[in-house]
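K.L.:
This is the structure I have questions about; it appears just below.
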Amino acid sequence: MVPVERKGSITVFLALTLSVLVVLVSALLESVRVSCGRAHVLNGADVGLYSLFAQYDRELLESYEIFGLYPSVSSEGVPVGQAYKIFEGYMEPVLQVKGISMELGIGGISGYTLLTDYGGQEFLRQSVEVQKQVSEKEGLEWLEEAVQERAKETQGHENVWEESEGGALTEYDQAIDQALEQEAQEEVQEEGFQGDSFQQDPVQTEQAENPIQTIRELMNRGILSLVLENPQEVSWTSVDLSQMLSQRELEKGFAMGNRQEKASALERLLFQRYLLDRMGNYLDPGGGVMKNQVEYILFGKESDGENLKSAANRLLLIREGFNLSYLLSNPEKRAQAQSLALAIASAFLFPPAASIIEKALLVCWSFGESVLDLRELFSGGKIGLWKSADTWQLSLENLIHLPDLLESGHRGDSEGLSYEDYLQVLLFLESTDTQVMRALDQVEMEMRVRKNNSSFRLDYCMTALEVSVEVMIQDRAFTVNRQYGYGNS
C-alpha cells in the first residue's frame, strides 16, 4: 500500500492573529517586568533609607536616648552628599534582579530635618516620647496638676516678698534716723537748760535685743556661704558662652514640613522630667563639662558656681514669700513681733516707730527662716511650700543668734518638696524654648567629651530625610520619592 502524502498550510488570517497574540504576550511580559522593577525600586529605596538611618550616633543614643544621624567623617556642613552616597550604596544591590534591567540614574536628597531645627523642636519631641516610655501613665495627670498648682503658688509668693522687703527695711531706716535725730535734739536742749532747783533722774529703759542689724549683715553676705555647709566645695567650672550652640548661627534643614504647635503643659512636664532624670544638678552632679547642668538650663550663666548662686537666690526669694505670708497670717507670731517691736521702739524713746519696726522684724524673721530652709534643701532634706507650727524652725528669740544656728546642722525632714522638686517648679515657670536650647548646649558639650571630638555639632545631626532618585527600568525612566525619619514612617 502506498502512503498518502499530507501537506499542512496556514491561512493569512491565522498568521495575523498569532502575531497579534505574540505582541500582546510580549507587552504583558514587559509590563510585568516593569511593574516588578518598580516594586524593587520602592523596596530598594526603603532598604537604603532604613540602612542609612541605622547608622545613628551610638553615643548620643546611649547617653540621652536621642536618635541623630551624624557623619562618620569630619564635615564642613550638613553631610547631605555623604548621606546620599550611603543610601545609594544600600539601594543599588536590591536592583540587581535577574531578567530585569535596572540602573540608578540621577538622584539626591530633596529634604531633611536636623535635630536643632525650629529651636530644637525635634529634640523636644524625641525627649518627650522617651519620657512617656519611662513614666508611669497612672498619676501623670495628678503630677501635672500638682506642678501647675505649685508653680502658681510660687509665682504669687515671690511677689509677696518683693513688695514687702525693700519697703519695710527702708521705712525702718527712716524711723531709726528720725529717732536718733530727735534724741540728739533733746540732748542739746538738756545741755542748754540752766536751773538747779529741779533735777530729774534719767529714764531707764530696758534694752531689748534688736536682731534687725544682725540679719541685715547676713543679707549682705554671699548667698552660698549662708545656705551651704561646705561652700568651698562648689564647682566653679566655666564655659565660653559665645561658643555654645544656643549662641551661634545654626545649620537649618529644608522642605520637610513646618514647625509644630506649641508644647502642651503635659509635654512640658515630661520634657522637664527628662531633663531632671538625665542632667546633673548640685545634689546629683553631672559627669560632663559642667556639673550643675539643670541650674545652667534655668539661668544660663557661664559657670557652675554662678548658676548655683542664681538658683539659691531664686529659691530664697520663694521661701521668703511663703514664710512671710505664714508670719502675717499667724496671730501668735504677730503678737511676738509686736511685743519686741514696741520694746525696741521704747529703747529708742520713739514709740510711734513700733509698727514700722514690726514690719522690719517680720521681714528679717522670714529671711532667717528661709536661710534655714535652704540649708535643709541643699543638704538633701525637704521643705514644704507652706509652713505650720510644727515645721517652723526659727523662734524670734533665736533670730539674733542665727549665725550660730547655721552651724548646728539640719533636721532631715522626710516630708515636703526636695531640691529637685523645687527645680522642677522653677523649670515649669520658665520658657520651654529657652530650656530646649540650653539643654542642647549641655548635650553637645557632653558628646564632644565622649567622642573626643571638639568639632562635633548637633546641628549636623539629621533626624529625617527625603530622597528623590531616578531609575532606568527596561530603558524606561522611573522616579521615586521616599522619606523616613526617627519616630516617623
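Note on naming: chains are A, B, ... as they come in the C-alpha cells, residues start from 1 per chain, ligands start from 1 in the order shown.
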Quick one: everything within 6 Å of segment 268-276 of chain A, counting only C-alpha atoms, minus sequence neighbours fewer than 3 positions away in the same chain. Send it as a ChimeraX atom specification.
P.N.:
/A:128,131,265,279
K.L.:
Can you pull out every residue within 9 Å of segment 423-434 of chain A, counting only C-alpha atoms, but drop anything in the same chain fewer than 6 positions away, and send it as an mmCIF file with N, CA and C atoms, in the first residue's frame?
P.N.:
data_model
loop_
_atom_site.group_PDB
_atom_site.id
_atom_site.type_symbol
_atom_site.label_atom_id
_atom_site.label_comp_id
_atom_site.auth_asym_id
_atom_site.auth_seq_id
_atom_site.Cartn_x
_atom_site.Cartn_y
_atom_site.Cartn_z
ATOM 1 N N GLY A 119 14.281 75.727 66.718
ATOM 2 C CA GLY A 119 14.562 75.877 68.147
ATOM 3 C C GLY A 119 14.684 74.557 68.887
ATOM 4 N N GLY A 120 15.147 73.509 68.199
ATOM 5 C CA GLY A 120 15.335 72.212 68.862
ATOM 6 C C GLY A 120 14.050 71.432 69.044
ATOM 7 N N GLN A 121 13.070 71.701 68.183
ATOM 8 C CA GLN A 121 11.770 71.046 68.346
ATOM 9 C C GLN A 121 11.858 69.525 68.192
ATOM 10 N N VAL A 147 2.169 70.103 89.840
ATOM 11 C CA VAL A 147 3.250 71.013 89.453
ATOM 12 C C VAL A 147 2.682 72.369 89.053
ATOM 13 N N GLN A 148 1.581 72.363 88.315
ATOM 14 C CA GLN A 148 0.968 73.622 87.917
ATOM 15 C C GLN A 148 0.520 74.423 89.134
ATOM 16 N N ARG A 150 1.709 74.170 92.236
ATOM 17 C CA ARG A 150 2.906 74.635 92.946
ATOM 18 C C ARG A 150 3.505 75.855 92.244
ATOM 19 N N ALA A 151 3.571 75.795 90.920
ATOM 20 C CA ALA A 151 4.141 76.908 90.161
ATOM 21 C C ALA A 151 3.312 78.171 90.338
ATOM 22 N N LYS A 152 2.002 78.031 90.333
ATOM 23 C CA LYS A 152 1.120 79.184 90.501
ATOM 24 C C LYS A 152 1.307 79.816 91.877
ATOM 25 N N THR A 154 3.923 79.497 93.846
ATOM 26 C CA THR A 154 5.290 80.021 93.951
ATOM 27 C C THR A 154 5.402 81.391 93.318
ATOM 28 N N GLN A 155 4.862 81.535 92.122
ATOM 29 C CA GLN A 155 4.945 82.809 91.415
ATOM 30 C C GLN A 155 4.279 83.917 92.215
ATOM 31 N N SER A 246 23.510 77.427 71.566
ATOM 32 C CA SER A 246 22.384 78.363 71.635
ATOM 33 C C SER A 246 22.767 79.778 71.227
ATOM 34 N N ALA A 263 4.208 73.275 72.661
ATOM 35 C CA ALA A 263 4.089 72.113 73.547
ATOM 36 C C ALA A 263 2.990 72.333 74.579
ATOM 37 N N ALA A 265 1.008 71.582 78.280
ATOM 38 C CA ALA A 265 1.518 71.580 79.658
ATOM 39 C C ALA A 265 2.066 70.208 80.023
ATOM 40 N N ARG A 268 5.417 69.708 78.303
ATOM 41 C CA ARG A 268 6.432 70.484 79.015
ATOM 42 C C ARG A 268 6.878 69.749 80.280
ATOM 43 N N LEU A 269 5.912 69.207 80.999
ATOM 44 C CA LEU A 269 6.221 68.488 82.230
ATOM 45 C C LEU A 269 7.082 67.265 81.937
ATOM 46 N N PHE A 271 9.070 66.812 79.374
ATOM 47 C CA PHE A 271 10.395 67.272 78.964
ATOM 48 C C PHE A 271 11.233 67.663 80.182
ATOM 49 N N GLN A 272 10.609 68.351 81.133
ATOM 50 C CA GLN A 272 11.340 68.758 82.328
ATOM 51 C C GLN A 272 11.737 67.560 83.186
ATOM 52 N N ARG A 273 10.884 66.528 83.226
ATOM 53 C CA ARG A 273 11.264 65.308 83.926
ATOM 54 C C ARG A 273 12.442 64.632 83.205
ATOM 55 N N LEU A 276 15.532 66.474 84.333
ATOM 56 C CA LEU A 276 15.908 66.163 85.706
ATOM 57 C C LEU A 276 16.469 64.752 85.821
ATOM 58 N N VAL A 294 21.284 71.342 85.296
ATOM 59 C CA VAL A 294 19.901 71.848 85.377
ATOM 60 C C VAL A 294 19.907 73.321 85.755
ATOM 61 N N GLU A 295 20.794 73.699 86.669
ATOM 62 C CA GLU A 295 20.894 75.110 87.048
ATOM 63 C C GLU A 295 21.319 75.958 85.846
ATOM 64 N N ILE A 297 20.602 75.236 82.693
ATOM 65 C CA ILE A 297 19.412 75.291 81.833
ATOM 66 C C ILE A 297 18.440 76.351 82.339
ATOM 67 N N LEU A 298 18.380 76.540 83.645
ATOM 68 C CA LEU A 298 17.481 77.543 84.221
ATOM 69 C C LEU A 298 18.009 78.963 84.072
ATOM 70 N N ALA A 311 20.327 79.991 91.411
ATOM 71 C CA ALA A 311 19.303 79.074 91.916
ATOM 72 C C ALA A 311 19.017 79.331 93.392
ATOM 73 N N ARG A 314 17.034 82.556 93.837
ATOM 74 C CA ARG A 314 15.638 82.396 93.418
ATOM 75 C C ARG A 314 14.853 81.591 94.450
ATOM 76 N N LEU A 315 15.452 80.517 94.967
ATOM 77 C CA LEU A 315 14.774 79.714 95.979
ATOM 78 C C LEU A 315 14.610 80.485 97.274
#
K.L.:
Report as a VMD selection string all protein, DNA and RNA residues lying within 7 Å of Tyr56 of chain A, evaluated on only C-alpha atoms, omitting residues in the same chain fewer than 6 positions from it.
P.N.:
chain A and resid 67 to 70
K.L.:
When you look at Ile356 of chain A with a cut-off of 9 Å (counting only C-alpha atoms), what residues show up, excluding the ones that are within fewer than 3 positions of it in the same chain? I need them as a list in words.
P.N.:
Ala168, Leu169, Glu171, Tyr172, Ala175, Ala341, Pro352, Ala353, Lys359, Ala360 and Leu361 of chain A
K.L.:
Excluding segment 216-227 of chain A and residues on its chain fewer than 5 positions from it, collect all residues at most 7 Å away from it, counting only C-alpha atoms, and give them as an mmCIF file with N, CA and C atoms, in the first residue's frame.
P.N.:
data_model
loop_
_atom_site.group_PDB
_atom_site.id
_atom_site.type_symbol
_atom_site.label_atom_id
_atom_site.label_comp_id
_atom_site.auth_asym_id
_atom_site.auth_seq_id
_atom_site.Cartn_x
_atom_site.Cartn_y
_atom_site.Cartn_z
ATOM 1 N N LYS A 309 24.466 80.014 92.459
ATOM 2 C CA LYS A 309 24.093 81.240 93.178
ATOM 3 C C LYS A 309 22.731 81.749 92.721
ATOM 4 N N ALA A 312 20.074 79.530 94.177
ATOM 5 C CA ALA A 312 19.898 79.780 95.608
ATOM 6 C C ALA A 312 19.147 81.085 95.853
ATOM 7 N N ASN A 313 19.499 82.135 95.115
ATOM 8 C CA ASN A 313 18.798 83.417 95.281
ATOM 9 C C ASN A 313 17.326 83.304 94.908
ATOM 10 N N VAL A 371 16.652 81.045 105.164
ATOM 11 C CA VAL A 371 18.041 80.582 105.106
ATOM 12 C C VAL A 371 18.142 79.167 105.668
ATOM 13 N N LEU A 374 16.754 76.717 103.111
ATOM 14 C CA LEU A 374 17.668 76.410 102.010
ATOM 15 C C LEU A 374 18.812 75.516 102.453
ATOM 16 N N ARG A 375 19.274 75.714 103.677
ATOM 17 C CA ARG A 375 20.318 74.808 104.176
ATOM 18 C C ARG A 375 19.779 73.380 104.237
#
K.L.:
Find the residues around Asp240 of chain A up to 10 Å (only C-alpha atoms counted), leave out those fewer than 6 positions away in its own chain, and share them as a PyMOL selection string.
P.N.:
chain A and resi 301-303
K.L.:
Any chance you can output those residues with N, CA and C atoms as a PDB file, in the first residue's frame?
P.N.:
ATOM      1  N   LYS A 301      24.140  80.919  83.112  1.00  0.00           N
ATOM      2  CA  LYS A 301      25.376  81.621  83.454  1.00  0.00           C
ATOM      3  C   LYS A 301      26.587  80.801  83.005  1.00  0.00           C
ATOM      4  N   GLU A 302      27.758  81.430  82.996  1.00  0.00           N
ATOM      5  CA  GLU A 302      28.938  80.803  82.406  1.00  0.00           C
ATOM      6  C   GLU A 302      29.622  79.784  83.304  1.00  0.00           C
ATOM      7  N   SER A 303      29.294  79.740  84.601  1.00  0.00           N
ATOM      8  CA  SER A 303      29.976  78.801  85.488  1.00  0.00           C
ATOM      9  C   SER A 303      28.981  78.088  86.392  1.00  0.00           C
TER      10      SER A 303
END
K.L.:
Please provide as a tab-separated table (two decimals) with N, CA and C atoms, in the first residue's frame all residues within 7 Å of Gly107 of chain A, with the sequence filter that same-chain residues fewer than 6 positions apart are discarded (counting only C-alpha atoms).
P.N.:
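Contents of result.tsv, as written:
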chain	number	residue	atom	x	y	z
A	468	SER	N	15.00	61.65	46.41
A	468	SER	CA	14.40	61.57	45.07
A	468	SER	C	15.43	60.95	44.16
A	469	VAL	N	15.06	59.81	43.53
A	469	VAL	CA	16.03	59.09	42.73
A	469	VAL	C	15.36	58.59	41.45
A	470	GLU	N	16.08	58.69	40.33
A	470	GLU	CA	15.61	58.20	39.04
A	470	GLU	C	16.27	56.86	38.74
K.L.:
Just checking: using only C-alpha atoms, which residue out of A:Asn292, A:Gln338, A:Ser35, A:Ser19 ends up closest to Val234 of chain A?
P.N.:
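Smallest distance to Val234 of chain A is found for A:Asn292.
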K.L.:
Within segment 337-473 of chain A, find each residue whose DSSP state, derived from the backbone, is helix (DSSP H, G or I), and express the selection as a PyMOL selection string.
P.N.:
chain A and resi 337-347+351-378+399-405+419-429+432-451+458-460
K.L.:
Could the residues in this selection be written to a file with C-alpha atoms, as a short mmCIF file (atom, residue, chain, number, x, y, z; two decimals), in the first residue's frame?
P.N.:
data_model
loop_
_atom_site.label_atom_id
_atom_site.label_comp_id
_atom_site.auth_asym_id
_atom_site.auth_seq_id
_atom_site.Cartn_x
_atom_site.Cartn_y
_atom_site.Cartn_z
CA ALA A 337 6.82 90.59 116.76
CA GLN A 338 4.62 93.43 118.03
CA SER A 339 5.90 92.99 121.58
CA LEU A 340 9.57 93.02 120.53
CA ALA A 341 8.98 95.95 118.17
CA LEU A 342 7.43 98.01 120.99
CA ALA A 343 10.38 97.21 123.26
CA ILE A 344 12.88 98.27 120.58
CA ALA A 345 10.93 101.45 119.86
CA SER A 346 10.81 102.28 123.57
CA ALA A 347 14.57 101.76 123.81
CA PRO A 351 7.15 104.55 120.40
CA PRO A 352 5.47 105.68 117.14
CA ALA A 353 8.06 103.61 115.24
CA ALA A 354 6.76 100.34 116.73
CA SER A 355 4.59 99.42 113.73
CA ILE A 356 7.44 100.12 111.30
CA ILE A 357 9.88 98.07 113.39
CA GLU A 358 7.33 95.25 113.49
CA LYS A 359 7.27 95.07 109.67
CA ALA A 360 11.06 95.02 109.56
CA LEU A 361 11.15 92.27 112.19
CA LEU A 362 8.74 90.11 110.20
CA VAL A 363 10.84 90.57 107.06
CA CYS A 364 14.03 89.64 108.92
CA TRP A 365 12.34 86.70 110.62
CA SER A 366 11.12 85.28 107.31
CA PHE A 367 14.62 85.76 105.86
CA GLY A 368 16.19 83.83 108.75
CA GLU A 369 13.69 81.00 108.41
CA SER A 370 14.27 80.91 104.65
CA VAL A 371 18.04 80.58 105.11
CA LEU A 372 17.45 77.56 107.34
CA ASP A 373 15.04 76.17 104.73
CA LEU A 374 17.67 76.41 102.01
CA ARG A 375 20.32 74.81 104.18
CA GLU A 376 17.88 71.94 104.59
CA LEU A 377 17.25 71.68 100.84
CA PHE A 378 20.93 71.88 99.87
CA LEU A 399 16.74 85.31 115.38
CA ILE A 400 19.67 87.34 116.67
CA HIS A 401 21.63 84.10 117.12
CA LEU A 402 21.05 82.93 113.54
CA PRO A 403 24.80 82.99 112.65
CA ASP A 404 25.39 80.39 115.35
CA LEU A 405 22.36 78.32 114.34
CA TYR A 419 15.63 70.39 95.97
CA GLU A 420 14.83 68.58 92.72
CA ASP A 421 11.11 69.24 93.25
CA TYR A 422 11.83 72.96 93.60
CA LEU A 423 13.95 72.84 90.44
CA GLN A 424 11.01 71.30 88.59
CA VAL A 425 8.76 74.15 89.75
CA LEU A 426 11.33 76.67 88.51
CA LEU A 427 11.56 74.87 85.17
CA PHE A 428 7.80 74.98 84.81
CA LEU A 429 7.81 78.74 85.38
CA THR A 432 10.46 75.83 77.39
CA ASP A 433 12.05 77.19 74.21
CA THR A 434 14.99 78.57 76.20
CA GLN A 435 15.32 75.33 78.16
CA VAL A 436 15.46 73.26 74.96
CA MET A 437 18.34 75.29 73.53
CA ARG A 438 20.31 75.31 76.78
CA ALA A 439 19.77 71.57 77.13
CA LEU A 440 21.22 71.16 73.64
CA ASP A 441 24.24 73.17 74.85
CA GLN A 442 24.82 70.58 77.55
CA VAL A 443 24.26 67.62 75.22
CA GLU A 444 26.71 68.96 72.66
CA MET A 445 29.41 69.61 75.27
CA GLU A 446 28.93 66.12 76.71
CA MET A 447 29.14 64.49 73.29
CA ARG A 448 32.32 66.35 72.40
CA VAL A 449 33.97 64.91 75.51
CA ARG A 450 32.64 61.39 74.94
CA LYS A 451 33.66 61.35 71.28
CA LEU A 458 24.29 68.77 66.93
CA ASP A 459 23.08 70.96 64.08
CA TYR A 460 24.76 68.46 61.72
#
K.L.:
Could you jot down the atom CA of Ala83 of chain A to atom CA of Asn453 of chain A separation for me, Å, one decimal place?
P.N.:
20.1 Å
K.L.:
So the first atom is atom CA of Ile86 of chain A and the second is atom CA of Pro71 of chain A; what is the distance between them in Å, to one decimal place?
P.N.:
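One can read the atom CA of Ile86 of chain A to atom CA of Pro71 of chain A distance as 10.5 Å.
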